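Dropping query22.cif in here (mmCIF, C-alpha atoms and all ligand atoms):
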data_coords
#
loop_
_atom_site.label_atom_id
_atom_site.label_comp_id
_atom_site.auth_asym_id
_atom_site.auth_seq_id
_atom_site.Cartn_x
_atom_site.Cartn_y
_atom_site.Cartn_z
CA MET A 1273 124.51 117.86 -87.55
CA THR A 1274 121.59 120.13 -86.84
CA PRO A 1275 119.03 120.64 -89.63
CA ASP A 1276 119.99 124.28 -89.59
CA VAL A 1277 123.61 123.56 -90.57
CA ARG A 1278 122.64 120.99 -93.20
CA ASP A 1279 120.28 123.51 -94.69
CA ARG A 1280 123.09 125.96 -95.08
CA LEU A 1281 125.44 123.41 -96.69
CA ASP A 1282 122.81 122.25 -99.16
CA ARG A 1283 122.02 125.71 -100.34
CA PRO A 1284 123.77 126.50 -103.64
CA PRO A 1285 126.41 129.21 -103.30
CA ARG A 1286 125.12 132.67 -104.09
CA VAL A 1287 127.33 133.26 -107.09
CA TYR A 1288 125.65 136.30 -108.55
CA ALA A 1289 125.15 138.52 -105.54
CA ASP A 1290 124.86 142.19 -106.44
CA THR A 1291 128.51 142.77 -105.65
CA ALA A 1292 129.83 139.81 -107.63
CA GLN A 1293 128.66 139.96 -111.19
CA PRO A 1294 130.82 139.48 -114.26
CA ALA A 1295 132.70 142.65 -115.16
CA SER A 1296 131.40 144.75 -118.01
CA SER A 1297 132.84 144.09 -121.46
CA PRO A 1298 133.35 146.14 -124.62
CA VAL A 1299 130.84 143.87 -126.33
CA PRO A 1300 127.72 146.04 -126.66
CA GLU A 1301 124.73 145.01 -124.58
CA SER A 1302 122.68 144.83 -127.80
CA ALA A 1303 125.00 142.06 -129.06
CA TRP A 1304 124.55 140.04 -125.87
CA ARG A 1305 120.79 140.48 -126.15
CA ARG A 1306 120.88 139.27 -129.76
CA ALA A 1307 122.90 136.21 -128.68
CA VAL A 1308 120.38 135.36 -125.97
CA GLN A 1309 117.57 135.82 -128.49
CA LEU A 1310 119.19 133.56 -131.10
CA ILE A 1311 119.82 130.88 -128.49
CA SER A 1312 116.29 131.13 -127.07
CA GLN A 1313 114.66 130.58 -130.45
CA THR A 1314 116.84 127.60 -131.54
CA ASP A 1315 116.42 124.00 -130.37
CA ASP A 1316 119.54 122.41 -131.87
CA ILE A 1317 122.79 124.26 -131.23
CA ALA A 1318 126.22 123.27 -132.56
CA LEU A 1319 129.29 124.30 -130.54
CA ALA A 1320 132.87 124.29 -131.79
CA CYS A 1321 136.32 125.23 -130.54
CA HIS A 1322 139.74 125.43 -132.18
CA VAL A 1323 141.78 122.40 -133.22
CA SER A 1324 144.16 120.84 -130.67
CA PRO A 1325 141.91 122.29 -127.96
CA ASP A 1326 143.45 123.81 -124.86
CA GLY A 1327 141.68 124.38 -121.54
CA ASP A 1328 140.20 127.69 -122.67
CA ALA A 1329 138.77 126.33 -125.92
CA LEU A 1330 137.32 123.11 -124.52
CA GLY A 1331 136.31 124.52 -121.13
CA SER A 1332 134.49 127.58 -122.51
CA MET A 1333 132.61 125.44 -125.03
CA LEU A 1334 131.49 122.76 -122.57
CA ALA A 1335 130.54 125.30 -119.87
CA VAL A 1336 128.12 126.96 -122.26
CA GLY A 1337 127.02 123.49 -123.43
CA PHE A 1338 125.93 122.61 -119.89
CA VAL A 1339 123.79 125.73 -119.63
CA LEU A 1340 122.23 125.22 -123.06
CA ARG A 1341 121.33 121.65 -122.11
CA SER A 1342 119.74 122.85 -118.88
CA MET A 1343 117.61 125.15 -121.08
CA GLY A 1344 116.37 122.07 -122.93
CA LYS A 1345 118.53 122.54 -126.05
CA ARG A 1346 120.07 119.66 -127.98
CA VAL A 1347 123.81 120.31 -128.06
CA ALA A 1348 126.55 118.93 -130.31
CA ALA A 1349 130.07 120.07 -129.39
CA SER A 1350 133.24 119.32 -131.33
CA PHE A 1351 136.67 120.36 -132.59
CA GLY A 1352 137.94 119.73 -136.08
CA ASP A 1353 140.99 117.54 -135.57
CA GLN A 1354 141.74 114.58 -137.83
CA ASP A 1355 142.60 112.67 -134.66
CA PHE A 1356 139.55 113.41 -132.52
CA THR A 1357 140.84 112.77 -129.00
CA VAL A 1358 140.76 115.01 -125.96
CA PRO A 1359 144.31 115.55 -124.68
CA ARG A 1360 145.03 113.57 -121.50
CA LEU A 1361 145.55 116.71 -119.46
CA LEU A 1362 141.99 117.87 -120.26
CA ARG A 1363 140.21 114.59 -119.48
CA PHE A 1364 139.10 116.00 -116.12
CA VAL A 1365 137.00 118.69 -117.82
CA PRO A 1366 133.33 117.74 -117.27
CA GLY A 1367 130.73 117.54 -120.03
CA GLN A 1368 132.63 115.46 -122.58
CA GLU A 1369 129.50 113.40 -123.25
CA MET A 1370 128.44 116.43 -125.33
CA LEU A 1371 131.32 115.83 -127.76
CA VAL A 1372 130.68 114.38 -131.21
CA PRO A 1373 133.40 113.63 -133.79
CA PRO A 1374 133.58 115.93 -136.85
CA ALA A 1375 132.08 113.16 -139.03
CA ASP A 1376 128.84 113.27 -136.97
CA TYR A 1377 128.72 117.06 -136.67
CA PRO A 1378 125.77 118.95 -138.21
CA ALA A 1379 126.70 119.90 -141.79
CA GLU A 1380 124.32 122.88 -141.83
CA PRO A 1381 123.64 124.01 -138.25
CA ASP A 1382 120.73 126.36 -137.54
CA LEU A 1383 122.91 128.03 -134.94
CA MET A 1384 126.62 127.46 -134.45
CA ILE A 1385 128.75 129.04 -131.72
CA THR A 1386 132.56 129.02 -131.93
CA PHE A 1387 134.87 129.43 -128.93
CA ASP A 1388 138.46 130.71 -128.71
CA SER A 1389 138.98 130.47 -132.46
CA PRO A 1390 140.39 133.54 -134.25
CA SER A 1391 139.58 132.29 -137.75
CA ILE A 1392 137.65 129.69 -139.74
CA GLY A 1393 140.97 128.02 -140.51
CA ARG A 1394 141.58 127.22 -136.83
CA LEU A 1395 138.32 125.25 -136.77
CA GLY A 1396 139.92 122.61 -138.98
CA LEU A 1397 137.48 120.00 -140.25
CA LEU A 1398 134.49 122.00 -138.94
CA GLY A 1399 135.20 124.85 -141.40
CA GLU A 1400 132.52 123.73 -143.85
CA SER A 1401 129.85 123.66 -141.11
CA VAL A 1402 130.89 127.22 -140.20
CA ARG A 1403 130.34 128.32 -143.80
CA GLN A 1404 126.94 126.59 -143.98
CA ALA A 1405 125.65 127.69 -140.56
CA HIS A 1406 122.49 129.83 -140.79
CA GLN A 1407 123.51 131.84 -137.73
CA LEU A 1408 127.07 131.96 -136.40
CA ILE A 1409 128.06 133.42 -133.02
CA VAL A 1410 131.81 133.94 -132.57
CA ILE A 1411 133.00 134.13 -128.96
CA ASP A 1412 136.70 134.94 -128.71
CA HIS A 1413 139.48 137.07 -127.24
CA HIS A 1414 142.15 136.90 -129.98
CA PRO A 1415 143.12 140.41 -131.16
CA SER A 1416 143.55 139.03 -134.69
CA ASN A 1417 139.90 137.94 -134.84
CA ASP A 1418 138.24 140.29 -137.30
CA GLY A 1419 134.80 138.76 -136.81
CA PHE A 1420 133.70 135.94 -139.07
CA GLY A 1421 130.32 135.42 -137.42
CA THR A 1422 126.87 136.77 -138.13
CA LEU A 1423 127.19 137.93 -134.51
CA ASP A 1424 130.61 138.56 -132.94
CA LEU A 1425 131.19 138.61 -129.17
CA ILE A 1426 134.86 139.49 -129.18
CA ASP A 1427 136.88 141.17 -126.41
CA PRO A 1428 140.60 141.36 -127.27
CA GLY A 1429 141.26 142.66 -123.76
CA ALA A 1430 139.85 139.56 -122.05
CA PRO A 1431 142.54 137.24 -120.71
CA ALA A 1432 140.52 134.18 -121.73
CA THR A 1433 137.49 133.22 -123.79
CA ALA A 1434 136.19 131.74 -120.52
CA ILE A 1435 135.53 135.32 -119.32
CA LEU A 1436 133.17 135.86 -122.26
CA ALA A 1437 131.63 132.41 -121.82
CA GLU A 1438 130.75 133.29 -118.22
CA GLN A 1439 129.21 136.58 -119.35
CA LEU A 1440 127.01 134.71 -121.81
CA ILE A 1441 126.02 132.19 -119.12
CA TYR A 1442 125.10 135.05 -116.80
CA ARG A 1443 122.94 136.68 -119.45
CA LEU A 1444 121.26 133.35 -120.24
CA GLY A 1445 120.22 133.20 -116.60
CA GLY A 1446 122.44 130.18 -115.95
CA THR A 1447 123.71 129.25 -112.51
CA LEU A 1448 127.31 128.26 -111.84
CA ASP A 1449 127.45 124.72 -110.52
CA ARG A 1450 130.67 122.87 -109.82
CA ASP A 1451 130.85 121.25 -113.28
CA ILE A 1452 130.33 124.50 -115.15
CA ALA A 1453 132.77 126.26 -112.85
CA THR A 1454 135.39 123.54 -113.41
CA CYS A 1455 135.10 124.03 -117.18
CA LEU A 1456 135.45 127.80 -116.90
CA TYR A 1457 138.28 127.56 -114.38
CA ALA A 1458 140.20 125.28 -116.75
CA GLY A 1459 139.99 128.05 -119.35
CA LEU A 1460 140.83 130.87 -116.98
CA VAL A 1461 143.93 129.30 -115.45
CA THR A 1462 145.19 127.92 -118.77
CA ASP A 1463 145.19 131.28 -120.53
CA THR A 1464 146.39 133.38 -117.60
CA GLY A 1465 149.13 130.84 -116.81
CA SER A 1466 147.59 130.52 -113.35
CA PHE A 1467 147.28 134.31 -113.01
CA ARG A 1468 150.96 134.87 -113.87
CA HIS A 1469 150.64 136.42 -117.32
CA SER A 1470 150.40 140.15 -118.00
CA SER A 1471 146.87 139.55 -119.30
CA THR A 1472 145.68 138.81 -115.75
CA THR A 1473 143.04 141.38 -114.78
CA PRO A 1474 141.03 142.10 -111.66
CA ALA A 1475 138.09 140.57 -113.56
CA ALA A 1476 140.06 137.31 -113.88
CA HIS A 1477 140.60 137.11 -110.11
CA GLU A 1478 137.00 138.11 -109.39
CA MET A 1479 135.78 135.39 -111.69
CA ALA A 1480 138.09 132.88 -110.00
CA ALA A 1481 136.50 133.76 -106.67
CA ARG A 1482 133.02 133.02 -108.04
CA LEU A 1483 134.21 129.73 -109.55
CA VAL A 1484 136.09 128.50 -106.47
CA ALA A 1485 133.02 129.35 -104.36
CA THR A 1486 131.13 126.53 -106.12
CA GLY A 1487 133.38 124.00 -104.40
CA LEU A 1488 135.72 123.08 -107.25
CA HIS A 1489 139.19 121.80 -106.43
CA PRO A 1490 141.92 124.19 -107.65
CA ASP A 1491 144.66 121.82 -106.46
CA GLU A 1492 143.32 118.86 -108.43
CA ILE A 1493 142.81 120.96 -111.55
CA ALA A 1494 146.35 122.36 -111.32
CA ARG A 1495 147.78 118.87 -110.95
CA GLU A 1496 145.89 117.60 -113.99
CA LEU A 1497 146.95 120.56 -116.11
CA TRP A 1498 150.58 121.05 -115.14
CA ASP A 1499 151.94 118.79 -112.46
CA ARG A 1500 151.81 115.32 -113.93
CA SER A 1501 152.92 113.48 -117.05
CA PRO A 1502 153.91 109.99 -118.15
CA PHE A 1503 157.53 109.02 -117.40
CA GLY A 1504 158.29 109.19 -121.13
CA TYR A 1505 157.79 112.95 -121.02
CA LEU A 1506 160.89 113.31 -118.85
CA LYS A 1507 162.92 111.41 -121.48
CA VAL A 1508 161.58 113.58 -124.31
CA LEU A 1509 162.17 116.71 -122.21
CA ALA A 1510 165.75 115.59 -121.63
CA ALA A 1511 166.33 115.10 -125.37
CA ALA A 1512 164.78 118.50 -126.18
CA LEU A 1513 166.83 120.31 -123.50
CA ASP A 1514 170.00 118.51 -124.61
CA ARG A 1515 169.80 120.25 -128.00
CA VAL A 1516 168.41 123.60 -126.91
CA VAL A 1517 170.03 126.59 -128.64
CA LEU A 1518 170.52 130.12 -127.28
CA ASP A 1519 171.39 132.58 -130.01
CA ASP A 1520 171.03 136.34 -129.98
CA GLY A 1521 168.02 136.61 -127.67
CA LEU A 1522 166.19 133.58 -129.05
CA VAL A 1523 166.12 130.27 -127.19
CA TRP A 1524 164.69 127.33 -129.12
CA THR A 1525 164.54 123.58 -129.42
CA TYR A 1526 162.51 120.90 -131.15
CA VAL A 1527 160.87 117.49 -130.63
CA THR A 1528 160.43 115.07 -133.53
CA ARG A 1529 157.73 112.45 -133.83
CA VAL A 1530 160.53 109.87 -133.64
CA ASP A 1531 161.46 111.27 -130.19
CA ARG A 1532 157.87 110.83 -129.10
CA ALA A 1533 157.38 107.40 -130.68
CA ALA A 1534 160.42 106.10 -128.77
CA GLN A 1535 158.54 106.92 -125.54
CA GLY A 1536 154.99 106.29 -126.77
CA LEU A 1537 154.23 109.94 -126.04
CA PRO A 1538 151.22 111.65 -127.69
CA TYR A 1539 151.74 115.06 -129.29
CA SER A 1540 149.44 116.77 -126.79
CA GLU A 1541 151.82 115.92 -123.93
CA LEU A 1542 154.28 118.54 -125.25
CA GLU A 1543 152.16 121.54 -124.28
CA GLY A 1544 154.21 122.40 -121.18
CA LEU A 1545 157.63 122.20 -122.85
CA ILE A 1546 157.62 125.85 -123.93
CA ASP A 1547 157.20 126.87 -120.27
CA VAL A 1548 160.51 125.21 -119.40
CA VAL A 1549 162.35 126.76 -122.35
CA ARG A 1550 160.94 130.29 -121.98
CA ARG A 1551 162.39 130.74 -118.48
CA THR A 1552 165.83 131.46 -120.01
CA ASP A 1553 167.04 134.82 -118.65
CA GLU A 1554 169.23 135.55 -121.65
CA ALA A 1555 166.39 135.20 -124.17
CA GLU A 1556 163.62 137.64 -125.03
CA VAL A 1557 161.83 135.11 -127.23
CA ALA A 1558 161.42 131.33 -126.92
CA ALA A 1559 160.29 128.81 -129.53
CA VAL A 1560 159.60 125.09 -129.49
CA LEU A 1561 159.06 123.18 -132.74
CA LYS A 1562 156.85 120.14 -132.23
CA GLU A 1563 156.42 117.64 -135.04
CA ASP A 1564 152.81 116.44 -135.10
CA ASP A 1565 151.62 112.99 -136.18
CA GLN A 1566 151.19 114.19 -139.77
CA GLY A 1567 154.81 115.38 -139.95
CA ALA A 1568 154.09 119.13 -139.81
CA TRP A 1569 155.93 121.41 -137.35
CA GLN A 1570 153.65 123.11 -134.85
CA VAL A 1571 155.67 126.00 -133.48
CA SER A 1572 154.94 127.48 -130.03
CA THR A 1573 156.47 130.89 -129.43
CA ARG A 1574 156.61 133.13 -126.35
CA SER A 1575 157.78 136.70 -125.76
CA LYS A 1576 158.64 138.47 -122.53
CA GLY A 1577 156.89 141.59 -123.83
CA ARG A 1578 159.25 143.60 -126.05
CA VAL A 1579 158.53 141.56 -129.19
CA ASP A 1580 155.03 140.94 -130.59
CA VAL A 1581 155.25 137.25 -131.47
CA ALA A 1582 151.65 137.29 -132.75
CA ALA A 1583 152.76 139.64 -135.55
CA VAL A 1584 155.78 137.48 -136.36
CA CYS A 1585 153.69 134.29 -136.38
CA ALA A 1586 150.96 135.97 -138.45
CA ALA A 1587 153.59 136.71 -141.11
CA LEU A 1588 154.24 132.96 -141.17
CA GLY A 1589 150.56 132.06 -141.51
CA GLY A 1590 149.83 131.62 -137.80
CA GLY A 1591 148.63 133.91 -135.05
CA GLY A 1592 147.93 134.25 -131.34
CA HIS A 1593 148.57 136.89 -128.72
CA HIS A 1594 151.34 139.48 -128.21
CA ASN A 1595 153.27 137.25 -125.79
CA ALA A 1596 152.08 133.77 -126.86
CA ALA A 1597 151.58 132.76 -130.46
CA GLY A 1598 152.19 129.95 -132.90
CA PHE A 1599 152.36 128.87 -136.53
CA THR A 1600 152.57 125.72 -138.62
CA SER A 1601 155.55 124.95 -140.85
CA HIS A 1602 156.14 122.29 -143.50
CA ASP A 1603 159.82 123.26 -143.92
CA SER A 1604 162.79 121.66 -142.17
CA VAL A 1605 163.70 122.65 -138.61
CA GLU A 1606 166.61 124.76 -139.85
CA GLU A 1607 164.55 126.56 -142.50
CA THR A 1608 161.69 127.16 -140.08
CA VAL A 1609 163.97 128.69 -137.45
CA ALA A 1610 165.82 130.75 -140.09
CA LYS A 1611 162.54 132.28 -141.34
CA PHE A 1612 161.30 132.97 -137.81
CA ARG A 1613 164.63 134.56 -136.86
CA GLU A 1614 164.65 136.73 -139.97
CA LEU A 1615 161.20 138.13 -139.10
CA LEU A 1616 162.23 138.60 -135.45
CA ARG A 1617 165.14 140.80 -136.56
CA GLU A 1618 162.76 142.96 -138.56
CA ALA A 1619 160.26 143.14 -135.68
P1 LIG B 1701 150.43 127.38 -128.01
O1 LIG B 1701 151.87 127.69 -128.23
O2 LIG B 1701 149.98 126.16 -128.76
O3 LIG B 1701 150.08 127.35 -126.54
O4 LIG B 1701 149.60 128.56 -128.66
C1 LIG B 1701 149.76 129.90 -128.22
C2 LIG B 1701 148.80 130.80 -128.96
O5 LIG B 1701 149.09 130.79 -130.36
C3 LIG B 1701 147.34 130.39 -128.85
O6 LIG B 1701 146.58 131.55 -128.63
C4 LIG B 1701 146.99 129.79 -130.18
O7 LIG B 1701 145.67 130.07 -130.54
C5 LIG B 1701 147.97 130.43 -131.14
N1 LIG B 1701 148.41 129.47 -132.14
C6 LIG B 1701 149.17 128.38 -131.93
N2 LIG B 1701 149.40 127.71 -133.06
C7 LIG B 1701 148.78 128.39 -134.05
C8 LIG B 1701 148.63 128.20 -135.48
N3 LIG B 1701 149.18 127.17 -136.11
N4 LIG B 1701 147.90 129.12 -136.16
C9 LIG B 1701 147.33 130.17 -135.51
N5 LIG B 1701 147.45 130.40 -134.19
C10 LIG B 1701 148.15 129.53 -133.46
MN MN B 1702 143.15 128.52 -127.14
MN MN B 1703 142.07 131.51 -125.23
#

Once more with this new file: its structure as structure tokens, please.
Amino acid sequence: MTPDVRDRLDRPPRVYADTAQPASSPVPESAWRRAVQLISQTDDIALACHVSPDGDALGSMLAVGFVLRSMGKRVAASFGDQDFTVPRLLRFVPGQEMLVPPADYPAEPDLMITFDSPSIGRLGLLGESVRQAHQLIVIDHHPSNDGFGTLDLIDPGAPATAILAEQLIYRLGGTLDRDIATCLYAGLVTDTGSFRHSSTTPAAHEMAARLVATGLHPDEIARELWDRSPFGYLKVLAAALDRVVLDDGLVWTYVTRVDRAAQGLPYSELEGLIDVVRRTDEAEVAAVLKEDDQGAWQVSTRSKGRVDVAAVCAALGGGGHHNAAGFTSHDSVEETVAKFRELLREA
């Protein structure tokens, strides 16, 4: 190899050329400037994302964590689950050495930044730290987020929180390396369903181009997220599909913790089940009831567009997006479905 060629390979990709900057956002430039100012003047920064983190929550948080660390900040990142474990399908996301369990999380952070969480409630055990934080930056894309921070960076039109995380990184003067890009890509492809959902924008594809240019491996990330599972998942899937119900435009099924225990399957392995169920042509809305380890029903719902499932789930104490939302129920399967169906009819 000639020195000339090696020189070119070693050079970091030019990710922020004039023609390839993050798209503009409805967040005012003054708010971004305030965020950069708050971060610049604080040495210890606490990051948090919503409970049962998905790729967007964990990836956005850790991407920003990397950049803050490179600025010399001390970073503590967490999510407020009783059972503090990163789901198997997100173990590939870099930066997990920044994670601390809720018990070791700052009780009164100077500056706290939350990612992908529409409310204090969705921060679980970290809720008290949110209330005590001296400064609180909320970075999110949920339409239901009415701004619980001292500074809100919220864009309900963004397909993922990762889009906003990249905009913050850009304004902090950060550079995209492969680790940061892998974190952001995990968020982007999770929330756009690999660029299949209606939320997919030109900005999402443009961002993907910048991320892939850092040398990350889209094939490996896709396999980790969607194309592998323990054998026991197939057995649980079979049981769930065996009792699936199609009734008046709603297709639904459920998985109990007994189903999972029989296969030694963790709750987090059920994330992809809704994507199998929602393909039903005859249904406008799909729902999967998943019993968690505490015995509560975590309900995933999806719409093809005509019905706003976020509104229906909000009426049941949950939330989410127009086409993808959820809620928690402590009733029986039958009662839970009956209540959901009743609200669907009214919607
Ligand atoms: P999921 O079905 O878990 O993929 O979640 C789909 C969407 O619904 C995500 O945007 C979640 O933030 C939201 N969501 C899911 N469960 C809940 C809940 N219990 N409360 C509020 N929002 C939820
Ligand atoms: Mn999320
Ligand atoms: Mn999200």

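Minimum atom-to-atom distances from A:Val1347, A:Leu1440, A:Ala1596, A:Leu1319 to ligand MN 1703 (chain B) were compared using only C-alpha atoms and all ligand atoms, and the lowest value belongs to A:Ala1596.
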
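Each of A:Leu1488, A:Val1609, A:Ala1379, A:Ala1432 was compared to ligand MN 1702 (chain B) using all atoms listed in the file, and A:Ala1432 turns out to be the nearest.
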
Inset, instruction - Do a neighbour search on Arg1394 of chain A at 9 Å with all atoms listed in the file, toss out local chain neighbours closer than 3 positions, and write the hits as a ChimeraX atom specification. - result: /A:1321-1323,1352,1389-1391,1397,1399

Chain A residues near ligand MN 1702 (chain B) within 6 Å, closest pair each, using only C-alpha atoms and all ligand atoms, as JSON lines:
{"residue": "A:Asp1326", "atom": "CA", "partner": "B:MN1702", "partner_atom": "MN", "distance": 5.2}
{"residue": "A:Asp1328", "atom": "CA", "partner": "B:MN1702", "partner_atom": "MN", "distance": 5.4}
{"residue": "A:Ala1329", "atom": "CA", "partner": "B:MN1702", "partner_atom": "MN", "distance": 5.0}
{"residue": "A:Asp1388", "atom": "CA", "partner": "B:MN1702", "partner_atom": "MN", "distance": 5.4}

Inset, instruction - Using atom CA of Tyr1539 of chain A and atom CA of Ser1324 of chain A as the two end points, give the distance in Å to one decimal. - result: 9.6 Å

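Taking only C-alpha atoms and all ligand atoms into account, the protein and nucleic acid residues that come at most 9 Å from ligand MN 1703 (chain B) are Asp1326, Gly1327, Asp1328, Ala1329, Ser1332, Phe1387, Asp1388, Ser1389, Asp1412, His1413, His1414, Ala1430, Pro1431, Ala1432, Thr1433, Ala1434, Gly1459, Leu1460, Thr1462, Asp1463, Thr1464 and Gly1592 of chain A.
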
Inset, instruction - Find the residue from A:Arg1515, A:Lys1611, A:Arg1578, A:Lys1562 that sits nearest to ligand LIG 1701 (chain B); use all atoms listed in the file when measuring. - result: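 For ligand LIG 1701 (chain B), the nearest of the given residues is A:Lys1562.
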
Legend entry - Non-local contacts of Pro1538 of chain A (12 Å; only C-alpha atoms; under 2 positions in same chain excluded) as an MDAnalysis selection string: chainID A and resid 1324 1355 1357:1361 1501:1502 1504:1505 1508 1527:1536 1540:1543 1562:1565

Legend entry - Residue among A:Leu1506, A:Glu1438, A:Leu1383, A:Pro1415 lying closest to Arg1403 of chain A, counting only C-alpha atoms: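 Checking each candidate against Arg1403 of chain A, we get A:Leu1383 as the closest.
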
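Ranking A:Ala1587, A:Val1605, A:Leu1334, A:Ala1610 by their shortest atom-to-atom distance to Gln1570 of chain A, with only C-alpha atoms included, puts A:Val1605 first.
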
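Going from atom CA of Gly1598 of chain A to atom CA of Cys1585 of chain A covers 5.8 Å.
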
Inset, instruction - For segment 1300-1307 of chain A, list every protein, DNA or RNA residue within 8 Å, evaluated using only C-alpha atoms, and leave out those in the same chain fewer than 5 positions away; present the list as a PyMOL selection string. - result: chain A and resi 1409+1423-1425+1440+1443

Sort by chain and increasing residue number a table of all residues of chain A within 6 Å of ligand LIG 1701 (chain B), each with its closest pair of atoms and their distance in Å to one decimal, counting all atoms listed in the file, and write it as a tab-separated table.
residue	atom	partner	partner_atom	distance
A:Ser1572	CA	B:LIG1701	O1	3.6
A:Thr1573	CA	B:LIG1701	O1	5.7
A:Gly1590	CA	B:LIG1701	N4	3.6
A:Gly1591	CA	B:LIG1701	N5	3.8
A:Gly1592	CA	B:LIG1701	O5	3.8
A:His1593	CA	B:LIG1701	O6	5.7
A:Ala1596	CA	B:LIG1701	C1	4.7
A:Ala1597	CA	B:LIG1701	O5	3.2
A:Gly1598	CA	B:LIG1701	C6	3.5
A:Phe1599	CA	B:LIG1701	N3	3.6
A:Thr1600	CA	B:LIG1701	N3	4.5

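Take atom CA of Leu1436 of chain A and atom CA of Ala1349 of chain A: the distance between them is 17.6 Å.
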
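Distances to Leu1483 of chain A were evaluated for A:Leu1371, A:Ala1335, A:Val1581, A:Leu1408 using all atoms listed in the file, and the minimum falls at A:Ala1335.
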
For segment 1431-1445 of chain A, take all atoms listed in the file, fit an axis-aligned box around them, add 5 Å to each of the six sides, then output centre and edge lengths in Å rounded to one decimal, as lines of an AutoDock Vina configuration file.
center_x = 131.4
center_y = 134.5
center_z = -120.2
size_x = 32.3
size_y = 15.5
size_z = 17.2

How would segment 1400-1405 of chain A look with all heavy atoms restored, written as a PDB file, in the frame of the given file?
ATOM      1  N   GLU A1400     133.645 123.757-142.919  1.00  0.00           N
ATOM      2  CA  GLU A1400     132.520 123.730-143.850  1.00  0.00           C
ATOM      3  C   GLU A1400     131.188 123.965-143.119  1.00  0.00           C
ATOM      4  O   GLU A1400     130.302 124.656-143.624  1.00  0.00           O
ATOM      5  CB  GLU A1400     132.511 122.395-144.619  1.00  0.00           C
ATOM      6  CG  GLU A1400     131.890 122.436-145.997  1.00  0.00           C
ATOM      7  CD  GLU A1400     132.126 123.736-146.798  1.00  0.00           C
ATOM      8  OE1 GLU A1400     133.267 124.239-146.849  1.00  0.00           O
ATOM      9  OE2 GLU A1400     131.144 124.248-147.361  1.00  0.00           O
ATOM     10  N   SER A1401     131.059 123.410-141.907  1.00  0.00           N
ATOM     11  CA  SER A1401     129.850 123.660-141.110  1.00  0.00           C
ATOM     12  C   SER A1401     129.729 125.139-140.762  1.00  0.00           C
ATOM     13  O   SER A1401     128.629 125.696-140.721  1.00  0.00           O
ATOM     14  CB  SER A1401     129.866 122.822-139.823  1.00  0.00           C
ATOM     15  OG  SER A1401     129.833 121.450-140.122  1.00  0.00           O
ATOM     16  N   VAL A1402     130.883 125.781-140.493  1.00  0.00           N
ATOM     17  CA  VAL A1402     130.890 127.220-140.200  1.00  0.00           C
ATOM     18  C   VAL A1402     130.322 127.981-141.398  1.00  0.00           C
ATOM     19  O   VAL A1402     129.469 128.868-141.248  1.00  0.00           O
ATOM     20  CB  VAL A1402     132.323 127.724-139.897  1.00  0.00           C
ATOM     21  CG1 VAL A1402     132.332 129.236-139.743  1.00  0.00           C
ATOM     22  CG2 VAL A1402     132.867 127.062-138.657  1.00  0.00           C
ATOM     23  N   ARG A1403     130.792 127.605-142.579  1.00  0.00           N
ATOM     24  CA  ARG A1403     130.340 128.320-143.800  1.00  0.00           C
ATOM     25  C   ARG A1403     128.859 128.099-144.062  1.00  0.00           C
ATOM     26  O   ARG A1403     128.186 128.959-144.612  1.00  0.00           O
ATOM     27  CB  ARG A1403     131.178 127.876-145.003  1.00  0.00           C
ATOM     28  CG  ARG A1403     132.604 128.408-144.937  1.00  0.00           C
ATOM     29  CD  ARG A1403     133.398 128.115-146.208  1.00  0.00           C
ATOM     30  NE  ARG A1403     134.811 128.319-145.943  1.00  0.00           N
ATOM     31  CZ  ARG A1403     135.642 127.377-145.514  1.00  0.00           C
ATOM     32  NH1 ARG A1403     135.214 126.142-145.320  1.00  0.00           N
ATOM     33  NH2 ARG A1403     136.909 127.657-145.268  1.00  0.00           N
ATOM     34  N   GLN A1404     128.333 126.924-143.688  1.00  0.00           N
ATOM     35  CA  GLN A1404     126.940 126.590-143.980  1.00  0.00           C
ATOM     36  C   GLN A1404     125.974 127.014-142.867  1.00  0.00           C
ATOM     37  O   GLN A1404     124.753 126.958-143.060  1.00  0.00           O
ATOM     38  CB  GLN A1404     126.791 125.081-144.203  1.00  0.00           C
ATOM     39  CG  GLN A1404     127.601 124.537-145.387  1.00  0.00           C
ATOM     40  CD  GLN A1404     127.228 125.196-146.702  1.00  0.00           C
ATOM     41  OE1 GLN A1404     126.071 125.560-146.909  1.00  0.00           O
ATOM     42  NE2 GLN A1404     128.210 125.410-147.578  1.00  0.00           N
ATOM     43  N   ALA A1405     126.515 127.378-141.697  1.00  0.00           N
ATOM     44  CA  ALA A1405     125.650 127.690-140.560  1.00  0.00           C
ATOM     45  C   ALA A1405     124.712 128.859-140.896  1.00  0.00           C
ATOM     46  O   ALA A1405     125.139 129.845-141.498  1.00  0.00           O
ATOM     47  CB  ALA A1405     126.490 128.032-139.337  1.00  0.00           C
TER      48      ALA A1405
END
